[in-house]
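Have a look at my_file-v5.tsv; it's TSV, C-alpha atoms:
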chain	number	residue	atom	x	y	z
A	1244	MET	CA	-3.99	17.85	-17.06
A	1245	VAL	CA	-2.88	16.50	-13.68
A	1246	GLY	CA	0.21	14.30	-13.52
A	1247	VAL	CA	1.08	12.39	-10.35
A	1248	SER	CA	4.69	11.20	-10.08
A	1249	GLY	CA	6.36	8.92	-7.56
A	1250	ALA	CA	7.38	11.43	-4.89
A	1251	SER	CA	5.85	11.30	-1.43
A	1252	GLY	CA	2.82	13.58	-1.23
A	1253	THR	CA	-0.21	11.81	-2.69
A	1254	PRO	CA	-2.52	13.88	-0.40
A	1255	TYR	CA	-1.34	16.96	-2.33
A	1256	ALA	CA	-2.50	15.41	-5.60
A	1257	ALA	CA	-5.86	14.45	-4.13
A	1258	ALA	CA	-6.41	17.99	-2.81
A	1259	VAL	CA	-5.54	19.52	-6.19
A	1260	VAL	CA	-7.94	17.23	-8.06
A	1261	ARG	CA	-10.72	17.95	-5.56
A	1262	GLY	CA	-10.04	21.68	-5.95
A	1263	LEU	CA	-10.21	21.48	-9.74
A	1264	LEU	CA	-13.48	19.55	-9.65
A	1265	ALA	CA	-14.96	21.99	-7.14
A	1266	ALA	CA	-14.07	24.83	-9.53
A	1267	GLY	CA	-15.94	23.08	-12.33
A	1268	GLU	CA	-12.81	22.08	-14.24
A	1269	ALA	CA	-12.59	18.85	-16.22
A	1270	VAL	CA	-9.51	16.82	-15.30
A	1271	ASP	CA	-7.32	14.58	-17.44
A	1272	LEU	CA	-5.36	12.38	-15.03
A	1273	VAL	CA	-2.07	10.50	-15.46
A	1274	VAL	CA	-0.76	8.42	-12.55
A	1275	SER	CA	2.80	7.18	-13.05
A	1276	ARG	CA	3.80	3.63	-12.22
A	1277	ALA	CA	6.12	4.83	-9.47
A	1278	SER	CA	3.37	6.92	-7.90
A	1279	ARG	CA	1.21	3.83	-7.50
A	1280	LEU	CA	3.79	2.39	-5.12
A	1281	THR	CA	3.79	5.65	-3.14
A	1282	LEU	CA	0.00	5.74	-3.10
A	1283	LEU	CA	-0.13	2.16	-1.83
A	1284	ASP	CA	2.42	2.95	0.88
A	1285	GLU	CA	0.80	6.23	1.99
A	1286	THR	CA	-2.87	5.23	1.77
A	1287	GLY	CA	-3.13	1.47	1.30
A	1288	ILE	CA	-4.95	2.04	-2.01
A	1289	SER	CA	-3.97	-0.01	-5.05
A	1290	PHE	CA	-4.54	2.10	-8.15
A	1291	ARG	CA	-5.58	-0.15	-11.05
A	1292	ASP	CA	-6.15	0.83	-14.66
A	1293	ALA	CA	-9.20	-1.42	-14.98
A	1294	HIS	CA	-10.77	-0.05	-11.80
A	1295	TRP	CA	-9.40	3.48	-11.81
A	1296	ARG	CA	-12.71	5.19	-11.06
A	1297	ASP	CA	-13.35	3.21	-7.88
A	1298	ASP	CA	-9.73	3.56	-6.78
A	1299	LEU	CA	-9.71	7.28	-7.53
A	1300	ARG	CA	-12.88	7.77	-5.50
A	1301	SER	CA	-11.31	6.00	-2.51
A	1302	TRP	CA	-8.20	8.16	-2.89
A	1303	LEU	CA	-10.02	11.47	-3.18
A	1304	GLU	CA	-12.33	10.67	-0.27
A	1305	ARG	CA	-9.39	10.06	2.06
A	1306	GLY	CA	-8.15	12.86	4.30
A	1307	ALA	CA	-4.50	13.75	4.72
A	1308	ASP	CA	-4.59	12.02	8.12
A	1309	GLY	CA	-5.51	8.76	6.41
A	1310	LYS	CA	-9.17	8.68	7.46
A	1311	PRO	CA	-11.44	7.28	4.73
A	1312	HIS	CA	-14.64	9.01	3.57
A	1313	THR	CA	-13.47	12.43	4.83
A	1314	PHE	CA	-14.39	14.06	1.52
A	1315	ALA	CA	-17.10	11.65	0.38
A	1316	THR	CA	-19.62	14.39	-0.43
A	1317	GLU	CA	-17.09	16.33	-2.55
A	1318	VAL	CA	-16.29	13.42	-4.87
A	1319	ALA	CA	-19.71	11.99	-5.64
A	1320	ASP	CA	-20.31	10.42	-9.05
A	1321	PRO	CA	-21.34	13.68	-10.80
A	1322	ALA	CA	-17.94	15.20	-9.98
A	1323	LEU	CA	-15.98	12.14	-11.08
A	1324	ALA	CA	-17.77	12.25	-14.42
A	1325	ASP	CA	-15.48	15.20	-15.22
A	1326	VAL	CA	-12.33	13.06	-14.82
A	1327	ARG	CA	-10.71	11.27	-17.74
A	1328	TYR	CA	-7.95	8.83	-16.91
A	1329	TRP	CA	-5.04	7.93	-19.17
A	1330	ALA	CA	-2.67	5.03	-18.48
A	1331	ALA	CA	0.94	6.12	-17.96
A	1332	GLY	CA	2.20	3.69	-20.59
A	1333	ASP	CA	-0.23	4.84	-23.28
A	1334	LEU	CA	1.96	7.08	-25.44
A	1335	ALA	CA	-0.77	7.17	-28.08
A	1336	ALA	CA	-3.22	8.79	-25.63
A	1337	GLY	CA	-4.98	11.99	-26.62
A	1338	PRO	CA	-2.88	14.32	-24.43
A	1339	SER	CA	0.33	13.08	-26.07
A	1340	SER	CA	-0.50	15.37	-28.99
A	1341	GLY	CA	-0.38	19.14	-29.00
A	1342	SER	CA	-3.71	19.14	-30.84
A	1343	TYR	CA	-5.45	17.74	-27.76
A	1344	PRO	CA	-7.26	20.62	-26.02
A	1345	ALA	CA	-5.88	21.44	-22.58
A	1346	LYS	CA	-5.52	24.56	-20.46
A	1347	GLY	CA	-2.24	23.42	-18.94
A	1348	MET	CA	-0.68	20.80	-16.68
A	1349	LEU	CA	-0.08	20.42	-12.96
A	1350	ILE	CA	2.50	17.87	-11.82
A	1351	VAL	CA	1.84	17.20	-8.14
A	1352	PRO	CA	3.86	15.87	-6.48
A	1353	ALA	CA	6.87	16.01	-8.79
A	1354	SER	CA	9.78	13.71	-7.98
A	1355	THR	CA	13.36	14.58	-8.90
A	1356	ALA	CA	13.27	11.78	-11.48
A	1357	CYS	CA	10.20	13.39	-13.03
A	1358	VAL	CA	11.87	16.81	-12.95
A	1359	ALA	CA	14.91	15.39	-14.74
A	1360	GLY	CA	12.82	13.63	-17.37
A	1361	VAL	CA	10.78	16.73	-18.16
A	1362	ALA	CA	13.79	19.05	-18.15
A	1363	LEU	CA	15.67	16.76	-20.54
A	1364	GLY	CA	12.62	16.08	-22.72
A	1365	LEU	CA	12.88	12.32	-22.29
A	1366	SER	CA	9.15	11.54	-22.63
A	1367	LYS	CA	9.74	8.08	-21.18
A	1368	ASP	CA	6.07	7.79	-20.16
A	1369	LEU	CA	2.83	9.67	-20.81
A	1370	LEU	CA	3.32	12.01	-17.86
A	1371	GLN	CA	6.64	13.28	-19.19
A	1372	ARG	CA	5.32	13.40	-22.76
A	1373	VAL	CA	2.35	15.54	-21.74
A	1374	ALA	CA	4.68	17.88	-19.83
A	1375	SER	CA	6.83	18.24	-22.96
A	1376	VAL	CA	3.75	18.94	-25.04
A	1377	THR	CA	2.60	21.52	-22.50
A	1378	LEU	CA	5.90	23.36	-22.76
A	1379	LYS	CA	6.14	23.26	-26.55
A	1380	GLU	CA	2.58	24.52	-26.88
A	1381	ARG	CA	3.37	27.35	-24.45
A	1382	ARG	CA	0.68	26.26	-22.01
A	1383	PRO	CA	1.02	26.72	-18.24
A	1384	LEU	CA	3.03	23.99	-16.52
A	1385	VAL	CA	3.22	23.89	-12.72
A	1386	VAL	CA	5.80	21.56	-11.18
A	1387	ALA	CA	5.19	20.96	-7.47
A	1388	VAL	CA	8.56	19.44	-6.61
A	1389	ARG	CA	8.51	17.41	-3.37
A	1390	GLU	CA	12.02	16.42	-2.38
A	1391	THR	CA	14.59	17.51	0.18
A	1392	PRO	CA	17.45	18.21	0.12
A	1393	LEU	CA	17.87	19.09	-3.54
A	1394	SER	CA	21.07	18.18	-5.37
A	1395	GLY	CA	22.92	20.63	-7.56
A	1396	GLN	CA	21.87	18.69	-10.65
A	1397	THR	CA	18.20	18.87	-9.72
A	1398	LEU	CA	18.52	22.59	-9.02
A	1399	LYS	CA	19.95	23.08	-12.51
A	1400	GLN	CA	17.06	21.10	-13.98
A	1401	LEU	CA	14.55	23.21	-12.06
A	1402	VAL	CA	16.20	26.36	-13.42
A	1403	ALA	CA	15.92	24.86	-16.92
A	1404	LEU	CA	12.20	24.29	-16.37
A	1405	ASP	CA	11.78	27.85	-15.13
A	1406	GLU	CA	13.57	29.16	-18.21
A	1407	ALA	CA	11.31	27.01	-20.39
A	1408	GLY	CA	8.29	28.76	-18.89
A	1409	ALA	CA	7.22	26.36	-16.15
A	1410	VAL	CA	6.28	27.46	-12.65
A	1411	VAL	CA	8.49	25.67	-10.13
A	1412	LEU	CA	6.42	25.40	-6.96
A	1413	PRO	CA	8.04	23.51	-4.05
A	1414	ALA	CA	5.52	21.68	-1.87
A	1415	SER	CA	6.28	23.94	1.11
A	1416	PRO	CA	3.38	24.50	3.52
A	1417	ALA	CA	3.09	27.88	5.24
A	1418	PHE	CA	1.68	28.62	8.69
A	1419	TYR	CA	0.31	32.16	8.38
A	1420	ALA	CA	-3.04	30.75	7.24
A	1421	GLY	CA	-3.68	29.37	10.74
A	1422	ALA	CA	-3.27	25.64	10.19
A	1423	THR	CA	-4.76	23.48	12.94
A	1424	HIS	CA	-4.73	20.15	11.12
A	1425	ILE	CA	-2.47	18.31	8.69
A	1426	GLN	CA	-5.15	18.76	6.04
A	1427	ASP	CA	-4.76	22.54	6.36
A	1428	LEU	CA	-1.07	22.25	5.45
A	1429	VAL	CA	-1.86	20.00	2.49
A	1430	ASP	CA	-4.61	22.34	1.30
A	1431	PHE	CA	-2.26	25.33	1.46
A	1432	VAL	CA	0.13	23.70	-1.01
A	1433	ALA	CA	-2.75	22.53	-3.20
A	1434	GLY	CA	-4.17	26.04	-3.13
A	1435	ARG	CA	-0.88	27.55	-4.23
A	1436	VAL	CA	-0.75	25.07	-7.13
A	1437	LEU	CA	-4.26	26.14	-8.16
A	1438	ASP	CA	-3.26	29.81	-7.76
A	1439	ALA	CA	-0.42	29.27	-10.22
A	1440	ALA	CA	-2.90	27.76	-12.67
A	1441	GLY	CA	-5.41	30.59	-12.23
A	1442	VAL	CA	-8.08	28.31	-10.73
A	1443	PRO	CA	-10.31	29.88	-8.04
A	1444	HIS	CA	-10.60	28.06	-4.72
A	1445	GLN	CA	-11.12	28.49	-0.99
A	1446	LEU	CA	-8.55	26.00	0.25
A	1447	TYR	CA	-6.67	28.37	2.58
A	1448	ARG	CA	-6.98	31.75	4.25
A	1449	ARG	CA	-5.03	34.35	2.32
A	1450	TRP	CA	-2.64	36.85	3.88
A	1451	ARG	CA	-4.39	40.19	4.38
A	1452	GLY	CA	-1.64	42.13	6.06
A	1453	GLU	CA	-2.91	41.70	9.61
A	1454	LEU	CA	-0.37	40.36	12.07
A	1455	GLY	CA	-1.67	37.67	14.40
A	1456	GLU	CA	-4.63	36.84	12.18
A	1457	ALA	CA	-3.65	33.17	12.12
A	1458	ARG	CA	-4.27	33.01	15.87
A	1459	SER	CA	-7.67	34.68	15.63
A	1460	PRO	CA	-10.89	32.60	15.66
A	1461	GLY	CA	-12.37	32.02	12.20

In structure tokens, write the structure found in this file.
Amino acid sequence: MVGVSGASGTPYAAAVVRGLLAAGEAVDLVVSRASRLTLLDETGISFRDAHWRDDLRSWLERGADGKPHTFATEVADPALADVRYWAAGDLAAGPSSGSYPAKGMLIVPASTACVAGVALGLSKDLLQRVASVTLKERRPLVVAVRETPLSGQTLKQLVALDEAGAVVLPASPAFYAGATHIQDLVDFVAGRVLDAAGVPHQLYRRWRGELGEARSPG
């Protein structure tokens, strides 16, 4: 399960979905209503329930720098066949039940409102409901919070999620992997999200204990 909330960072979500598809994973996708506004603002893409496949393709093809068709070959129709979309308002959707088969859930990016809703068990939309189901079924939940600064209340809610078994993973890019492009920074965060979920990928160069490696060619 991939849940996309309303925080800034839609390129993170696109990179995670591409990484999952590249690893041969099927994806159940929930896009919150608030995240559609962010997606429109950050990419110009209107995400519509009735045309979700076309809109998702446009989103996943777009690079972090805003250029369209950057990843066109990675998100061809065969890959998108492994994506199942659920409307955020559909509380009767399959993933709203613990009997629905799922390996876990990745919320990327996670807004503070989403964090609060999940921590308090509000289940006000399908995204929050699926997160609650993931926790109660003891499945992996990764929360890629993307907000700064963090208030004391949000920090308490993140601690509550950690205590409930979730992985709290701030969307914090690192530079030791030798980033030369904004996409490299996005892919680092996406790669760490996939690491937390146990999904293999090649999105960033891992630390191998060699100082200065980030400045070396290749």

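The space separating atom CA of A:Ala1258 from atom CA of A:Val1429 comes to 7.3 Å.
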
Problem - Atom-to-atom span, atom CA of A:Leu1299 and atom CA of A:Gly1249, Å - result: 16.2 Å

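Atom CA of A:Pro1311 to atom CA of A:Tyr1419 spans 27.8 Å [interatomic distance, one decimal].
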
Closest-contact table, stretch 1328-1385 of chain A side, partner stretch 1267-1275 of chain A, 12 Å, counting all atoms listed in the file, as a tab-separated table:
residue	atom	partner	partner_atom	distance
A:Tyr1328	CA	A:Leu1272	CA	4.8
A:Trp1329	CA	A:Val1273	CA	5.4
A:Ala1330	CA	A:Val1273	CA	6.3
A:Ala1331	CA	A:Ser1275	CA	5.4
A:Gly1332	CA	A:Ser1275	CA	8.3
A:Asp1333	CA	A:Val1273	CA	9.8
A:Leu1334	CA	A:Val1273	CA	11.3
A:Ala1336	CA	A:Val1273	CA	10.4
A:Gly1337	CA	A:Asp1271	CA	9.8
A:Pro1338	CA	A:Asp1271	CA	8.3
A:Ser1339	CA	A:Val1273	CA	11.2
A:Tyr1343	CA	A:Asp1271	CA	11.0
A:Pro1344	CA	A:Asp1271	CA	10.5
A:Ala1345	CA	A:Asp1271	CA	8.7
A:Lys1346	CA	A:Glu1268	CA	9.9
A:Gly1347	CA	A:Asp1271	CA	10.3
A:Met1348	CA	A:Asp1271	CA	9.1
A:Leu1349	CA	A:Leu1272	CA	9.8
A:Ile1350	CA	A:Val1273	CA	9.4
A:Val1351	CA	A:Val1274	CA	10.2
A:Pro1352	CA	A:Val1274	CA	10.7
A:Ala1353	CA	A:Ser1275	CA	10.6
A:Ser1354	CA	A:Ser1275	CA	10.8
A:Ala1356	CA	A:Ser1275	CA	11.5
A:Cys1357	CA	A:Ser1275	CA	9.7
A:Lys1367	CA	A:Ser1275	CA	10.7
A:Asp1368	CA	A:Ser1275	CA	7.8
A:Leu1369	CA	A:Val1273	CA	7.3
A:Leu1370	CA	A:Val1273	CA	6.1
A:Gln1371	CA	A:Ser1275	CA	9.5
A:Arg1372	CA	A:Val1273	CA	10.8
A:Val1373	CA	A:Val1273	CA	9.2
A:Ala1374	CA	A:Val1273	CA	10.9

Can I get the selected residues back with C-alpha atoms, as a compact mmCIF listing (two decimals), in the coordinates of the input?
# COMPACT_ATOMS: atom_id res chain seq x y z
CA TYR A 1328 -7.95 8.83 -16.91
CA TRP A 1329 -5.04 7.93 -19.17
CA ALA A 1330 -2.67 5.03 -18.48
CA ALA A 1331 0.94 6.12 -17.96
CA GLY A 1332 2.20 3.69 -20.59
CA ASP A 1333 -0.23 4.84 -23.28
CA LEU A 1334 1.96 7.08 -25.44
CA ALA A 1336 -3.22 8.79 -25.63
CA GLY A 1337 -4.98 11.99 -26.62
CA PRO A 1338 -2.88 14.32 -24.43
CA SER A 1339 0.33 13.08 -26.07
CA TYR A 1343 -5.45 17.74 -27.76
CA PRO A 1344 -7.26 20.62 -26.02
CA ALA A 1345 -5.88 21.44 -22.58
CA LYS A 1346 -5.52 24.56 -20.46
CA GLY A 1347 -2.24 23.42 -18.94
CA MET A 1348 -0.68 20.80 -16.68
CA LEU A 1349 -0.08 20.42 -12.96
CA ILE A 1350 2.50 17.87 -11.82
CA VAL A 1351 1.84 17.20 -8.14
CA PRO A 1352 3.86 15.87 -6.48
CA ALA A 1353 6.87 16.01 -8.79
CA SER A 1354 9.78 13.71 -7.98
CA ALA A 1356 13.27 11.78 -11.48
CA CYS A 1357 10.20 13.39 -13.03
CA LYS A 1367 9.74 8.08 -21.18
CA ASP A 1368 6.07 7.79 -20.16
CA LEU A 1369 2.83 9.67 -20.81
CA LEU A 1370 3.32 12.01 -17.86
CA GLN A 1371 6.64 13.28 -19.19
CA ARG A 1372 5.32 13.40 -22.76
CA VAL A 1373 2.35 15.54 -21.74
CA ALA A 1374 4.68 17.88 -19.83

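Each of A:Arg1389, A:Arg1276, A:Arg1435, A:His1444 was compared to A:Pro1413 using all atoms listed in the file, and A:Arg1389 turns out to be the nearest.
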
Practice task
Anything within 8 Å of (6.9, 13.4, 0.8): list those residues as a PyMOL selection string, counting all atoms listed in the file and sticking to the file's coordinates.
Solution key: chain A and resi 1250-1252+1389-1390

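Within the 12 Å cut-off around A:Pro1443, using all atoms listed in the file and omitting residues fewer than 3 positions from it on the same chain, the listed residues are Val1259, Gly1262, Leu1263, Leu1264, Ala1265, Ala1266, Gly1267, Glu1268, Ala1433, Gly1434, Arg1435, Val1436, Leu1437, Asp1438, Ala1439, Ala1440, Leu1446 and Tyr1447 of chain A.
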
Exercise for the section: For A:Trp1302, work out the shell of residues within 9 Å, counting only C-alpha atoms and skipping chain neighbours fewer than 5 positions away, then give it as a PyMOL selection string. Expected result: chain A and resi 1253-1254+1257+1282+1286+1288+1290+1297+1311

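Compared by their closest atoms to A:Gly1306, and using only C-alpha atoms, the residues A:Ala1256, A:Val1388, A:Val1411, A:Leu1280 rank with A:Ala1256 nearest.
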
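With distances taken over all atoms listed in the file, A:Val1358 is the one residue among A:Leu1454, A:Val1358, A:Ala1322, A:Leu1398 lying closest to A:Val1386.
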
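Among the candidates A:Ala1324, A:Ala1359, A:Leu1283, A:Ala1277, the residue lying nearest to A:Arg1296 is A:Ala1324 (atoms considered: all atoms listed in the file).
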
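If you measure from each of A:Leu1378, A:Ala1315, A:Leu1323, A:Ala1335 to A:Gly1408 using all atoms listed in the file, the closest one turns out to be A:Leu1378.
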
Taking (19.9, 17.2, -12.2) in the file's own coordinates, collect the residues within 10 Å, counting all atoms listed in the file, and hand them back as an mmCIF file with C-alpha atoms, in the coordinates of the input.
data_model
loop_
_atom_site.group_PDB
_atom_site.id
_atom_site.type_symbol
_atom_site.label_atom_id
_atom_site.label_comp_id
_atom_site.auth_asym_id
_atom_site.auth_seq_id
_atom_site.Cartn_x
_atom_site.Cartn_y
_atom_site.Cartn_z
ATOM 1 C CA THR A 1355 13.360 14.580 -8.900
ATOM 2 C CA ALA A 1356 13.270 11.780 -11.480
ATOM 3 C CA VAL A 1358 11.870 16.810 -12.950
ATOM 4 C CA ALA A 1359 14.910 15.390 -14.740
ATOM 5 C CA GLY A 1360 12.820 13.630 -17.370
ATOM 6 C CA ALA A 1362 13.790 19.050 -18.150
ATOM 7 C CA LEU A 1363 15.670 16.760 -20.540
ATOM 8 C CA LEU A 1393 17.870 19.090 -3.540
ATOM 9 C CA SER A 1394 21.070 18.180 -5.370
ATOM 10 C CA GLY A 1395 22.920 20.630 -7.560
ATOM 11 C CA GLN A 1396 21.870 18.690 -10.650
ATOM 12 C CA THR A 1397 18.200 18.870 -9.720
ATOM 13 C CA LEU A 1398 18.520 22.590 -9.020
ATOM 14 C CA LYS A 1399 19.950 23.080 -12.510
ATOM 15 C CA GLN A 1400 17.060 21.100 -13.980
ATOM 16 C CA LEU A 1401 14.550 23.210 -12.060
ATOM 17 C CA VAL A 1402 16.200 26.360 -13.420
ATOM 18 C CA ALA A 1403 15.920 24.860 -16.920
#

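Counting only C-alpha atoms and comparing A:Leu1384, A:Ala1293, A:Ala1307, A:Val1260, the residue that lies closest to A:Val1326 is A:Val1260.
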
Where's the centre, and what are the edge lengths in Å to one decimal, of a box along x, y and z enclosing all listed atoms of stretch 1353-1361 of chain A padded 4 Å per side, as AutoDock Vina command-line options?
--center_x 10.9 --center_y 14.3 --center_z -13.1 --size_x 16.0 --size_y 13.0 --size_z 18.2
